[in-house]
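Here's upload.txt, which has compact mmCIF, C-alpha atoms:
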# COMPACT_ATOMS: atom_id res chain seq x y z
CA MET H 845 -4.02 109.29 80.54
CA LYS H 846 -2.81 106.44 82.78
CA LYS H 847 -5.30 104.56 84.94
CA ASP H 848 -4.39 102.09 87.68
CA MET H 849 -7.01 99.30 87.59
CA THR H 850 -5.63 97.54 90.66
CA GLU H 851 -7.87 99.68 92.92
CA GLY H 852 -11.60 100.44 93.09
CA ARG H 853 -14.68 98.42 92.22
CA GLU H 854 -14.02 95.76 89.60
CA TRP H 855 -17.19 96.20 87.58
CA SER H 856 -16.85 99.98 87.27
CA SER H 857 -13.15 99.78 86.39
CA ILE H 858 -13.83 97.27 83.62
CA LEU H 859 -17.00 98.90 82.29
CA LEU H 860 -15.53 102.41 82.21
CA PHE H 861 -12.44 101.03 80.51
CA SER H 862 -14.56 99.07 78.01
CA LEU H 863 -16.87 101.86 76.89
CA PRO H 864 -14.26 103.90 74.98
CA ILE H 865 -13.00 100.67 73.40
CA MET H 866 -16.56 99.89 72.30
CA GLY H 867 -16.80 103.39 70.89
CA ALA H 868 -13.50 103.03 69.03
CA THR H 869 -14.39 99.56 67.73
CA LEU H 870 -17.83 100.79 66.71
CA LEU H 871 -16.23 103.60 64.74
CA GLN H 872 -13.94 101.10 63.01
CA GLY H 873 -16.95 98.91 62.28
CA LEU H 874 -18.96 101.88 61.02
CA TYR H 875 -16.36 103.05 58.57
CA ASN H 876 -15.98 99.47 57.33
CA LEU H 877 -19.76 99.39 57.12
CA ALA H 878 -19.73 102.69 55.25
CA ASP H 879 -17.40 101.15 52.68
CA SER H 880 -19.87 98.34 52.06
CA VAL H 881 -23.00 100.50 52.04
CA ILE H 882 -21.42 103.03 49.67
CA VAL H 883 -19.95 100.34 47.41
CA GLY H 884 -23.19 98.34 47.37
CA ASN H 885 -25.40 101.33 46.63
CA LEU H 886 -23.20 103.66 44.57
CA ILE H 887 -21.52 100.96 42.49
CA SER H 888 -23.34 97.58 42.58
CA ALA H 889 -24.03 94.40 44.57
CA THR H 890 -21.36 92.72 42.42
CA ALA H 891 -18.82 95.29 43.61
CA LEU H 892 -19.90 94.59 47.19
CA GLY H 893 -19.26 90.90 46.55
CA ALA H 894 -15.81 91.71 45.13
CA VAL H 895 -14.86 93.63 48.26
CA GLY H 896 -16.40 90.97 50.53
CA LEU H 897 -14.51 88.25 48.70
CA THR H 898 -11.25 89.68 50.06
CA SER H 899 -12.54 89.90 53.64
CA SER H 900 -10.72 86.77 54.81
CA MET H 901 -7.46 88.14 53.33
CA THR H 902 -7.82 91.57 54.92
CA TRP H 903 -8.84 89.87 58.16
CA LEU H 904 -5.55 87.95 58.09
CA LEU H 905 -3.60 91.22 57.83
CA THR H 906 -5.63 92.85 60.59
CA ALA H 907 -5.17 89.76 62.77
CA ILE H 908 -1.39 89.90 62.50
CA CYS H 909 -1.36 93.61 63.32
CA THR H 910 -3.63 93.23 66.35
CA SER H 911 -1.62 90.21 67.57
CA ILE H 912 1.56 92.25 67.85
CA GLY H 913 -0.42 94.95 69.66
CA ALA H 914 -1.86 92.31 72.00
CA GLY H 915 1.61 90.96 72.81
CA VAL H 916 2.94 94.35 73.87
CA ASN H 917 -0.28 95.01 75.79
CA ILE H 918 0.19 91.86 77.92
CA ALA H 919 3.80 92.66 78.76
CA VAL H 920 3.33 96.37 79.45
CA ALA H 921 0.16 95.80 81.54
CA GLN H 922 1.95 93.41 83.87
CA TYR H 923 5.00 95.67 84.09
CA PHE H 924 2.69 98.60 84.83
CA GLY H 925 0.99 96.70 87.63
CA ALA H 926 4.41 95.80 89.07
CA LYS H 927 5.69 99.40 88.62
CA LYS H 928 8.60 98.33 86.33
CA GLU H 929 9.14 101.53 84.34
CA THR H 930 12.41 100.51 82.68
CA ASP H 931 10.88 97.25 81.42
CA ILE H 932 7.92 99.23 80.05
CA GLN H 933 10.19 101.54 78.04
CA GLU H 934 12.23 98.63 76.73
CA SER H 935 9.06 96.82 75.59
CA ILE H 936 7.78 99.95 73.80
CA SER H 937 11.02 100.46 71.87
CA VAL H 938 11.27 96.83 70.78
CA SER H 939 7.59 96.61 69.79
CA TYR H 940 7.92 99.50 67.32
CA LEU H 941 10.98 97.88 65.79
CA ILE H 942 9.05 94.62 65.37
CA ALA H 943 6.18 96.54 63.74
CA VAL H 944 8.42 98.15 61.11
CA ILE H 945 10.16 94.88 60.22
CA ALA H 946 6.85 92.99 60.05
CA SER H 947 5.30 95.62 57.77
CA ILE H 948 8.07 95.20 55.18
CA PHE H 949 7.65 91.42 54.97
CA LEU H 950 3.84 91.51 55.04
CA THR H 951 3.52 94.10 52.29
CA ALA H 952 5.87 92.15 50.01
CA ALA H 953 4.00 88.89 50.71
CA CYS H 954 0.63 90.48 49.90
CA PHE H 955 1.78 91.84 46.55
CA LEU H 956 3.20 88.44 45.59
CA ALA H 957 0.19 86.41 46.74
CA ALA H 958 -2.74 88.59 45.59
CA ARG H 959 -3.24 87.23 42.09
CA PRO H 960 -2.61 83.51 42.81
CA VAL H 961 -4.97 83.58 45.80
CA ILE H 962 -7.82 85.62 44.27
CA PHE H 963 -7.72 84.24 40.73
CA GLY H 964 -6.57 80.73 41.59
CA PHE H 965 -7.35 79.55 45.10
CA LEU H 966 -10.52 81.56 45.72
CA GLN H 967 -11.69 81.08 42.12
CA ALA H 968 -13.29 84.51 42.14
CA PRO H 969 -16.06 84.92 39.53
CA GLU H 970 -14.78 86.68 36.43
CA GLU H 971 -16.97 89.74 37.02
CA MET H 972 -15.43 90.22 40.51
CA ARG H 973 -11.80 89.15 40.26
CA PHE H 974 -10.15 92.36 39.00
CA ASP H 975 -12.04 94.55 41.46
CA SER H 976 -11.11 92.15 44.27
CA MET H 977 -7.42 92.26 43.38
CA ALA H 978 -7.36 96.06 43.02
CA TYR H 979 -9.03 96.48 46.42
CA PHE H 980 -6.65 94.07 48.17
CA LEU H 981 -3.45 95.48 46.66
CA ILE H 982 -4.32 99.04 47.66
CA TYR H 983 -5.43 97.89 51.12
CA SER H 984 -2.10 96.05 51.57
CA GLY H 985 -0.23 99.30 51.09
CA GLY H 986 -1.50 100.51 54.45
CA ILE H 987 -0.11 97.67 56.58
CA ILE H 988 2.58 99.84 58.17
CA PHE H 989 -0.11 102.22 59.46
CA GLN H 990 -2.19 99.37 60.89
CA LEU H 991 0.84 98.00 62.72
CA LEU H 992 1.91 101.33 64.20
CA TYR H 993 -1.64 102.08 65.30
CA ASN H 994 -2.18 98.66 66.94
CA VAL H 995 1.14 98.71 68.80
CA THR H 996 0.43 102.22 70.11
CA TYR H 997 -3.13 101.31 71.08
CA GLY H 998 -1.83 98.21 72.89
CA ILE H 999 0.53 100.40 74.94
CA LEU H 1000 -2.24 102.86 75.80
CA ARG H 1001 -4.58 100.07 76.92
CA ALA H 1002 -1.87 98.53 79.08
CA HIS H 1003 -1.62 101.83 80.96
CA GLY H 1004 -5.38 101.82 81.53
CA ASP H 1005 -5.98 104.47 78.86
CA SER H 1006 -8.79 103.26 76.62
CA ARG H 1007 -9.82 106.77 75.54
CA GLY H 1008 -6.55 107.84 73.95
CA ALA H 1009 -7.30 106.39 70.52
CA LEU H 1010 -11.00 107.27 70.40
CA ILE H 1011 -10.59 110.84 69.14
CA PHE H 1012 -8.20 109.70 66.41
CA LEU H 1013 -10.64 107.02 65.27
CA MET H 1014 -13.47 109.57 65.14
CA ILE H 1015 -11.39 111.67 62.77
CA SER H 1016 -10.40 108.57 60.81
CA ALA H 1017 -14.01 107.36 60.45
CA ALA H 1018 -15.23 110.76 59.25
CA LEU H 1019 -12.31 111.03 56.83
CA ASN H 1020 -13.00 107.55 55.45
CA ILE H 1021 -16.67 108.27 54.74
CA VAL H 1022 -15.94 111.63 53.11
CA LEU H 1023 -13.19 110.14 50.94
CA ASP H 1024 -15.39 107.16 50.03
CA CYS H 1025 -18.05 109.47 48.64
CA LEU H 1026 -15.47 111.69 46.95
CA PHE H 1027 -13.48 108.92 45.28
CA ILE H 1028 -16.52 106.87 44.22
CA SER H 1029 -19.15 109.51 43.39
CA VAL H 1030 -16.96 112.35 42.09
CA PHE H 1031 -13.81 110.68 40.75
CA HIS H 1032 -15.56 107.39 39.79
CA MET H 1033 -12.67 105.27 41.11
CA GLY H 1034 -14.91 102.28 41.93
CA VAL H 1035 -13.72 99.79 44.58
CA SER H 1036 -10.19 101.16 44.21
CA GLY H 1037 -11.50 104.43 45.62
CA ALA H 1038 -13.01 102.60 48.62
CA ALA H 1039 -9.67 100.91 49.33
CA ALA H 1040 -7.73 104.17 48.96
CA ALA H 1041 -10.11 105.93 51.35
CA THR H 1042 -9.59 103.20 53.96
CA VAL H 1043 -5.78 103.36 53.70
CA ILE H 1044 -5.69 107.16 53.94
CA ALA H 1045 -8.00 107.05 56.98
CA GLN H 1046 -5.79 104.41 58.65
CA ALA H 1047 -2.71 106.50 57.94
CA GLY H 1048 -4.34 109.53 59.51
CA SER H 1049 -5.14 107.76 62.79
CA ALA H 1050 -1.69 106.10 62.96
CA ILE H 1051 0.23 109.31 62.30
CA ALA H 1052 -1.89 111.23 64.81
CA ILE H 1053 -1.58 108.74 67.67
CA PHE H 1054 2.02 107.60 67.14
CA PRO H 1055 4.19 110.62 68.24
CA ASP H 1056 2.84 110.77 71.82
CA LEU H 1057 3.98 107.22 72.52
CA LEU H 1058 7.51 107.43 71.12
CA PRO H 1059 9.74 106.30 73.98
CA LYS H 1060 11.81 109.09 75.49
CA ARG H 1061 14.81 106.79 75.70
CA HIS H 1062 15.82 104.04 73.32
CA TYR H 1063 16.60 100.55 74.47
CA LEU H 1064 17.63 98.69 71.36
CA TYR H 1065 20.08 96.74 73.48
CA ALA H 1066 17.01 95.18 75.14
CA TRP H 1067 16.10 93.34 71.91
CA LYS H 1068 17.31 89.98 73.21
CA GLY H 1069 15.27 90.06 76.42
CA GLN H 1070 12.14 92.04 75.63
CA GLY H 1071 12.12 91.01 71.97
CA ALA H 1072 12.03 87.35 72.94
CA LEU H 1073 9.28 87.99 75.49
CA LEU H 1074 7.13 89.98 73.08
CA MET H 1075 7.49 87.35 70.38
CA ARG H 1076 6.65 84.58 72.86
CA LEU H 1077 3.45 86.41 73.76
CA SER H 1078 2.56 87.59 70.24
CA ILE H 1079 3.34 84.50 68.15
CA PRO H 1080 0.66 82.15 69.64
CA ILE H 1081 -1.96 84.91 69.24
CA MET H 1082 -0.68 85.58 65.72
CA LEU H 1083 -0.76 81.89 64.85
CA GLN H 1084 -4.30 81.57 66.16
CA THR H 1085 -5.63 84.55 64.25
CA GLY H 1086 -3.47 83.78 61.22
CA VAL H 1087 -4.56 80.16 60.96
CA ASN H 1088 -8.16 81.21 61.57
CA SER H 1089 -7.89 83.73 58.74
CA ILE H 1090 -6.43 81.11 56.41
CA GLY H 1091 -9.21 78.77 57.46
CA PHE H 1092 -11.84 81.36 56.62
CA LEU H 1093 -10.04 81.90 53.32
CA ILE H 1094 -10.71 78.22 52.63
CA LEU H 1095 -14.27 78.68 53.84
CA GLN H 1096 -14.64 81.67 51.49
CA ARG H 1097 -13.71 79.40 48.60
CA LEU H 1098 -16.47 77.01 49.64
CA ILE H 1099 -18.92 79.91 49.86
CA ASN H 1100 -17.85 81.06 46.39
CA SER H 1101 -18.68 77.64 44.99
CA PHE H 1102 -22.37 78.26 45.77
CA GLY H 1103 -22.50 81.27 43.46
CA ALA H 1104 -23.13 85.01 43.64
CA PRO H 1105 -26.10 84.83 46.10
CA SER H 1106 -23.87 83.20 48.73
CA ILE H 1107 -20.97 85.60 48.07
CA GLU H 1108 -23.15 88.71 48.24
CA GLY H 1109 -25.22 87.44 51.19
CA TYR H 1110 -22.12 86.48 53.18
CA ALA H 1111 -20.45 89.84 52.52
CA ALA H 1112 -23.49 91.72 53.85
CA MET H 1113 -24.04 89.39 56.82
CA LEU H 1114 -20.38 89.70 57.82
CA LYS H 1115 -20.69 93.47 58.28
CA VAL H 1116 -23.65 93.09 60.65
CA GLU H 1117 -21.87 90.27 62.50
CA GLN H 1118 -18.81 92.44 63.06
CA LEU H 1119 -20.95 95.09 64.74
CA ALA H 1120 -22.69 92.49 66.93
CA HIS H 1121 -19.34 91.22 68.23
CA ILE H 1122 -18.12 94.68 69.31
CA PRO H 1123 -19.09 94.35 73.02
CA SER H 1124 -17.44 90.94 73.45
CA GLN H 1125 -14.30 92.07 71.62
CA SER H 1126 -14.15 95.20 73.78
CA PHE H 1127 -14.53 93.17 76.97
CA ASN H 1128 -11.81 90.85 75.65
CA VAL H 1129 -9.42 93.82 75.45
CA ALA H 1130 -10.57 95.28 78.79
CA ILE H 1131 -10.23 92.07 80.80
CA SER H 1132 -6.82 91.42 79.27
CA SER H 1133 -5.49 94.77 80.52
CA PHE H 1134 -7.33 94.42 83.84
CA ALA H 1135 -5.98 90.92 84.42
CA GLY H 1136 -2.48 91.96 83.36
CA GLN H 1137 -2.29 94.88 85.77
CA ASN H 1138 -3.73 92.94 88.71
CA ILE H 1139 -1.69 89.81 88.14
CA GLY H 1140 1.42 92.00 87.83
CA ALA H 1141 0.45 93.56 91.16
CA GLU H 1142 -0.14 90.06 92.65
CA LYS H 1143 -3.87 90.68 93.17
CA LEU H 1144 -5.12 87.36 91.85
CA ASP H 1145 -8.44 87.36 93.73
CA ARG H 1146 -9.28 90.77 92.28
CA ALA H 1147 -8.43 89.48 88.79
CA ARG H 1148 -10.84 86.55 89.24
CA ARG H 1149 -13.64 88.79 90.51
CA GLY H 1150 -13.13 91.03 87.51
CA TYR H 1151 -13.43 88.02 85.18
CA ARG H 1152 -16.75 86.88 86.69
CA THR H 1153 -18.16 90.41 86.53
CA THR H 1154 -17.13 90.79 82.89
CA ILE H 1155 -18.74 87.48 81.91
CA LEU H 1156 -22.03 88.61 83.44
CA MET H 1157 -21.98 92.01 81.71
CA GLY H 1158 -20.90 90.49 78.39
CA VAL H 1159 -23.57 87.78 78.27
CA LEU H 1160 -26.39 90.21 79.18
CA ILE H 1161 -25.30 92.66 76.49
CA SER H 1162 -24.85 89.97 73.82
CA ILE H 1163 -28.33 88.55 74.49
CA SER H 1164 -29.82 92.05 74.19
CA ILE H 1165 -28.02 92.60 70.87
CA SER H 1166 -29.20 89.25 69.51
CA ILE H 1167 -32.83 90.11 70.28
CA VAL H 1168 -32.56 93.46 68.46
CA VAL H 1169 -30.84 91.92 65.43
CA LEU H 1170 -33.39 89.08 65.20
CA LEU H 1171 -36.20 91.63 65.22
CA PHE H 1172 -34.62 93.81 62.52
CA ASP H 1173 -32.49 91.33 60.55
CA ARG H 1174 -34.05 91.97 57.15
CA PRO H 1175 -33.88 95.82 57.26
CA LEU H 1176 -30.30 95.67 58.53
CA LEU H 1177 -29.22 93.50 55.60
CA GLN H 1178 -31.18 95.46 53.00
CA ILE H 1179 -29.05 98.57 53.56
CA PHE H 1180 -26.37 96.78 51.52
CA ASN H 1181 -28.68 96.68 48.49
CA ILE H 1182 -28.98 92.88 48.42
CA THR H 1183 -32.27 91.28 47.43
CA GLY H 1184 -33.88 87.94 46.61
CA GLU H 1185 -31.83 84.81 47.21
CA SER H 1186 -28.81 86.78 48.46
CA LEU H 1187 -30.96 88.39 51.17
CA ARG H 1188 -32.54 85.07 52.15
CA ARG H 1189 -29.18 83.35 52.61
CA ALA H 1190 -27.74 86.29 54.56
CA LYS H 1191 -30.79 86.35 56.88
CA GLU H 1192 -30.58 82.61 57.64
CA HIS H 1193 -26.88 82.89 58.45
CA LEU H 1194 -27.33 85.96 60.65
CA ASP H 1195 -30.25 84.45 62.61
CA ILE H 1196 -28.36 81.26 63.49
CA LEU H 1197 -25.36 83.31 64.57
CA MET H 1198 -27.51 85.47 66.87
CA PHE H 1199 -28.89 82.44 68.72
CA PHE H 1200 -25.36 81.41 69.75
CA ILE H 1201 -23.53 84.72 70.09
CA TRP H 1202 -23.51 84.42 73.89
CA THR H 1203 -21.17 81.44 73.50
CA SER H 1204 -18.72 83.49 71.47
CA THR H 1205 -18.91 86.24 74.12
CA ILE H 1206 -17.87 83.87 76.92
CA THR H 1207 -15.03 82.55 74.77
CA ASN H 1208 -13.76 86.03 73.90
CA ILE H 1209 -13.77 87.23 77.50
CA THR H 1210 -12.11 84.07 78.82
CA CYS H 1211 -9.44 84.22 76.12
CA GLY H 1212 -8.79 87.86 77.02
CA PHE H 1213 -8.30 86.95 80.68
CA LEU H 1214 -5.95 84.06 79.91
CA GLN H 1215 -3.92 86.19 77.50
CA GLY H 1216 -3.66 88.98 80.06
CA ALA H 1217 -2.27 86.42 82.48
CA GLY H 1218 0.37 85.44 79.90
CA ASP H 1219 -1.30 82.06 79.20
CA VAL H 1220 -1.52 82.52 75.43
CA LYS H 1221 -1.31 78.96 74.12
CA ILE H 1222 -4.69 77.58 75.25
CA PRO H 1223 -6.69 80.44 73.67
CA ALA H 1224 -4.75 79.74 70.47
CA ALA H 1225 -5.55 76.02 70.74
CA SER H 1226 -9.26 76.77 71.21
CA GLY H 1227 -9.15 78.85 68.04
CA PHE H 1228 -7.64 75.94 66.11
CA ILE H 1229 -10.32 73.58 67.49
CA ASN H 1230 -13.08 76.01 66.51
CA LEU H 1231 -11.70 76.34 63.01
CA GLY H 1232 -11.07 72.62 62.54
CA ILE H 1233 -14.63 71.72 63.49
CA ARG H 1234 -16.10 74.41 61.24
CA LEU H 1235 -14.07 73.41 58.21
CA ALA H 1236 -14.62 69.66 58.65
CA LEU H 1237 -18.38 70.02 59.16
CA SER H 1238 -18.75 72.58 56.36
CA PHE H 1239 -17.11 70.43 53.72
CA LEU H 1240 -18.91 67.29 54.90
CA LEU H 1241 -22.33 68.96 54.99
CA ALA H 1242 -21.71 70.57 51.58
CA LEU H 1243 -22.07 67.07 50.10
CA THR H 1244 -25.50 66.58 51.69
CA PRO H 1245 -28.91 68.23 51.12
CA VAL H 1246 -27.81 70.93 53.59
CA GLY H 1247 -25.95 72.45 50.62
CA PHE H 1248 -25.08 76.16 50.85
CA ARG H 1249 -26.20 76.24 54.50
CA CYS H 1250 -23.21 74.10 55.47
CA TYR H 1251 -20.93 76.98 56.40
CA TYR H 1252 -23.30 78.42 59.00
CA VAL H 1253 -24.85 75.19 60.31
CA SER H 1254 -21.30 74.15 61.31
CA MET H 1255 -20.86 77.19 63.55
CA PRO H 1256 -22.82 76.33 66.75
CA PRO H 1257 -20.97 73.08 67.65
CA ALA H 1258 -17.61 74.71 66.89
CA TRP H 1259 -18.37 77.68 69.14
CA LEU H 1260 -19.67 75.51 71.99
CA ILE H 1261 -16.63 73.22 72.07
CA ALA H 1262 -14.14 76.10 71.86
CA CYS H 1263 -15.97 77.80 74.75
CA PHE H 1264 -15.74 74.64 76.87
CA VAL H 1265 -11.96 74.38 76.30
CA VAL H 1266 -11.09 77.90 77.48
CA VAL H 1267 -13.51 77.92 80.41
CA MET H 1268 -12.02 74.64 81.69
CA ARG H 1269 -8.55 76.19 81.40
CA TYR H 1270 -9.64 79.17 83.48
CA ARG H 1271 -11.22 76.93 86.12
CA SER H 1272 -8.05 74.84 86.37
CA GLY H 1273 -6.12 77.87 87.67
CA LYS H 1274 -3.01 77.03 85.64
CA TRP H 1275 -2.95 80.55 84.21
CA ARG H 1276 -1.38 81.67 87.49
CA GLU H 1277 1.88 79.97 86.47
CA PHE H 1278 2.42 82.30 83.47
CA ARG H 1279 2.93 85.55 85.36
CA ILE H 1280 5.65 87.59 83.62
CA VAL H 1281 6.89 89.66 86.56
CA LYS H 1282 8.40 87.38 89.20
CA GLU H 1283 10.47 88.61 92.10
What is this file in structure tokens?
Amino acid sequence: MKKDMTEGREWSSILLFSLPIMGATLLQGLYNLADSVIVGNLISATALGAVGLTSSMTWLLTAICTSIGAGVNIAVAQYFGAKKETDIQESISVSYLIAVIASIFLTAACFLAARPVIFGFLQAPEEMRFDSMAYFLIYSGGIIFQLLYNVTYGILRAHGDSRGALIFLMISAALNIVLDCLFISVFHMGVSGAAAATVIAQAGSAIAIFPDLLPKRHYLYAWKGQGALLMRLSIPIMLQTGVNSIGFLILQRLINSFGAPSIEGYAAMLKVEQLAHIPSQSFNVAISSFAGQNIGAEKLDRARRGYRTTILMGVLISISISIVVLLFDRPLLQIFNITGESLRRAKEHLDILMFFIWTSTITNITCGFLQGAGDVKIPAASGFINLGIRLALSFLLALTPVGFRCYYVSMPPAWLIACFVVVMRYRSGKWREFRIVKE
């Protein structure tokens, strides 16, 4: 269902658009959470650590897939606002072609890199390494489905349809949980079963959502124009998320050096963190589509009002979430079957993160607005700054009495500086120069 967000009250347009995205993202988070809860409880905390150890690698794959979806979302949203139907169809055709080509290269790269990265670079503990590699290899087999889903979801969001994917994710989440229990409890497939359940669930949602968005006409001749535009929009986002993922891969190696309590604690904390970020990530997507449509329609004042409204809603929600998590941090982490030192380290990390989550919310929303405007390089630069500060401080503090706390003590200054960079870019007004549709 198409929705024109260039009319009506800004706050209601953005909030109503965001809610289905929050629901869809929550479902994704819940079936990832289900993986961890089932693995931690039905197999062992060591198995949970093995799955968590690959999180930075799977995050890299997810980041690339969502980046391509974000690129097509920016282009199609602005074309939709400007009522450029031919350009929309050309962008859709080219984006699917990019997705298929990217999936071939990514899958091959994952199969080649799995063992050197897990056994060598990450220095996975011996009791975790084979489970980690099995999980990652099976997960990598589903890249094509992730790409098709993210491109299609990007197109739907650009048209103002944030509900289109929700029903498919509900089916996918239920399927994932059922298959998790079946493969692990009945067939005793271990972490391989958890990975297979995730891939099958992803395939189900991709196959279900894909046919409705197949372009009625094919515009492969548009590769030169639209292909170049989509790559120009996608590559900075891809570089940002890709470099961030590689950075967190390096950070994961540092975490591993502090032993099993840090690995297990970080794996559990990460699942709670992902749920806490859902509102800000949903507002990031919503404001990107909102800004794209309104900038395409030359309604710049409306785009700015929408940004300010989204910041207010996002900060209030993130503060509310942080209060709830701080009150129930220990019970939330205990559902992953971690205890003792692992639980203590996870709780410390989660509590510090909750005190500063509002900063991340402002950054996410501002990056979404800038990307929707077509100004994709500064959000990417802020991501590099955030990562650089975190890595530098983490490795420096690791040599001091701060010890294993280094990787979460480094987070607040990194978040604050990255937030300052993107907010200053928004206030400068230079994003207005990146409008795609120009008469």
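For Ile1139 (chain H), the set of protein, DNA and RNA residues having any atom at most 9 Å away, when counting only C-alpha atoms and skipping those fewer than 2 positions along the same chain, is Gln922, Gly925, Ala926, Phe1134, Ala1135, Gly1136, Gln1137, Ala1141, Glu1142, Lys1143, Leu1144, Arg1146, Ala1147, Gly1216, Ala1217, Arg1276, Arg1279, Ile1280 and Val1281 of chain H.
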Go ahead and save the picked residues with C-alpha atoms, as a short mmCIF file (atom, residue, chain, number, x, y, z; two decimals), in the coordinates of the input.
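Saved as selection-v7.cif:
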data_model
loop_
_atom_site.label_atom_id
_atom_site.label_comp_id
_atom_site.auth_asym_id
_atom_site.auth_seq_id
_atom_site.Cartn_x
_atom_site.Cartn_y
_atom_site.Cartn_z
CA GLN H 922 1.95 93.41 83.87
CA GLY H 925 0.99 96.70 87.63
CA ALA H 926 4.41 95.80 89.07
CA PHE H 1134 -7.33 94.42 83.84
CA ALA H 1135 -5.98 90.92 84.42
CA GLY H 1136 -2.48 91.96 83.36
CA GLN H 1137 -2.29 94.88 85.77
CA ALA H 1141 0.45 93.56 91.16
CA GLU H 1142 -0.14 90.06 92.65
CA LYS H 1143 -3.87 90.68 93.17
CA LEU H 1144 -5.12 87.36 91.85
CA ARG H 1146 -9.28 90.77 92.28
CA ALA H 1147 -8.43 89.48 88.79
CA GLY H 1216 -3.66 88.98 80.06
CA ALA H 1217 -2.27 86.42 82.48
CA ARG H 1276 -1.38 81.67 87.49
CA ARG H 1279 2.93 85.55 85.36
CA ILE H 1280 5.65 87.59 83.62
CA VAL H 1281 6.89 89.66 86.56
#
Please, which residues in region 1163-1193 of chain H fall within 7 Å of region 880-900 of chain H when counting only C-alpha atoms, and what is the closest atom pair and distance in Å to one decimal for each, ordered by chain then residue number, as a Markdown table?
| residue | atom | partner | partner_atom | distance |
| --- | --- | --- | --- | --- |
| H:Ile1179 | CA | H:Val881 | CA | 6.5 |
| H:Phe1180 | CA | H:Val881 | CA | 5.0 |
| H:Asn1181 | CA | H:Gly884 | CA | 5.8 |
| H:Ile1182 | CA | H:Ala889 | CA | 6.5 |
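You can rank H:Leu1214, H:Ile1015, H:Ala1262, H:Arg1007 by their closest distance to Lys1274 (chain H) using all atoms listed in the file, and at the top of that list sits H:Leu1214.
Coordinates place CA of Leu1171 (chain H) at a distance of 23.3 Å from CA of Thr869 (chain H).
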Could you check which residues have any atom within 9 Å of (-8.5, 81.3, 77.3), counting all atoms listed in the file with coordinates taken straight from the file, and then list them as a list in words? Thr1207, Asn1208, Ile1209, Thr1210, Cys1211, Gly1212, Phe1213, Leu1214, Gln1215, Asp1219, Val1220, Lys1221, Ile1222, Pro1223, Ala1224, Ala1225, Ser1226, Cys1263, Val1265, Val1266, Val1267, Met1268, Arg1269, Tyr1270 and Trp1275 of chain H
Please produce a file of the residues just selected, as a PDB file, keeping the file's coordinate frame, where the atoms kept are C-alpha atoms.
ATOM      1  CA  THR H1207     -15.030  82.550  74.770  1.00  0.00           C
ATOM      2  CA  ASN H1208     -13.760  86.030  73.900  1.00  0.00           C
ATOM      3  CA  ILE H1209     -13.770  87.230  77.500  1.00  0.00           C
ATOM      4  CA  THR H1210     -12.110  84.070  78.820  1.00  0.00           C
ATOM      5  CA  CYS H1211      -9.440  84.220  76.120  1.00  0.00           C
ATOM      6  CA  GLY H1212      -8.790  87.860  77.020  1.00  0.00           C
ATOM      7  CA  PHE H1213      -8.300  86.950  80.680  1.00  0.00           C
ATOM      8  CA  LEU H1214      -5.950  84.060  79.910  1.00  0.00           C
ATOM      9  CA  GLN H1215      -3.920  86.190  77.500  1.00  0.00           C
ATOM     10  CA  ASP H1219      -1.300  82.060  79.200  1.00  0.00           C
ATOM     11  CA  VAL H1220      -1.520  82.520  75.430  1.00  0.00           C
ATOM     12  CA  LYS H1221      -1.310  78.960  74.120  1.00  0.00           C
ATOM     13  CA  ILE H1222      -4.690  77.580  75.250  1.00  0.00           C
ATOM     14  CA  PRO H1223      -6.690  80.440  73.670  1.00  0.00           C
ATOM     15  CA  ALA H1224      -4.750  79.740  70.470  1.00  0.00           C
ATOM     16  CA  ALA H1225      -5.550  76.020  70.740  1.00  0.00           C
ATOM     17  CA  SER H1226      -9.260  76.770  71.210  1.00  0.00           C
ATOM     18  CA  CYS H1263     -15.970  77.800  74.750  1.00  0.00           C
ATOM     19  CA  VAL H1265     -11.960  74.380  76.300  1.00  0.00           C
ATOM     20  CA  VAL H1266     -11.090  77.900  77.480  1.00  0.00           C
ATOM     21  CA  VAL H1267     -13.510  77.920  80.410  1.00  0.00           C
ATOM     22  CA  MET H1268     -12.020  74.640  81.690  1.00  0.00           C
ATOM     23  CA  ARG H1269      -8.550  76.190  81.400  1.00  0.00           C
ATOM     24  CA  TYR H1270      -9.640  79.170  83.480  1.00  0.00           C
ATOM     25  CA  TRP H1275      -2.950  80.550  84.210  1.00  0.00           C
TER      26      TRP H1275
END
Test item: axis-aligned box, all listed atoms of region 1194-1198 of chain H, 8 Å on each side, centre and edges in Å rounded to one decimal, as AutoDock Vina command-line options:
--center_x -27.8 --center_y 83.6 --center_z 63.8 --size_x 20.9 --size_y 20.7 --size_z 22.2
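Within 9 Å of Asp1195 (chain H), once only C-alpha atoms are used and residues closer than 5 positions along the same chain are dropped, the contacting residues are Ser1166, Val1169, Leu1170, Asp1173 and Ala1190 of chain H.
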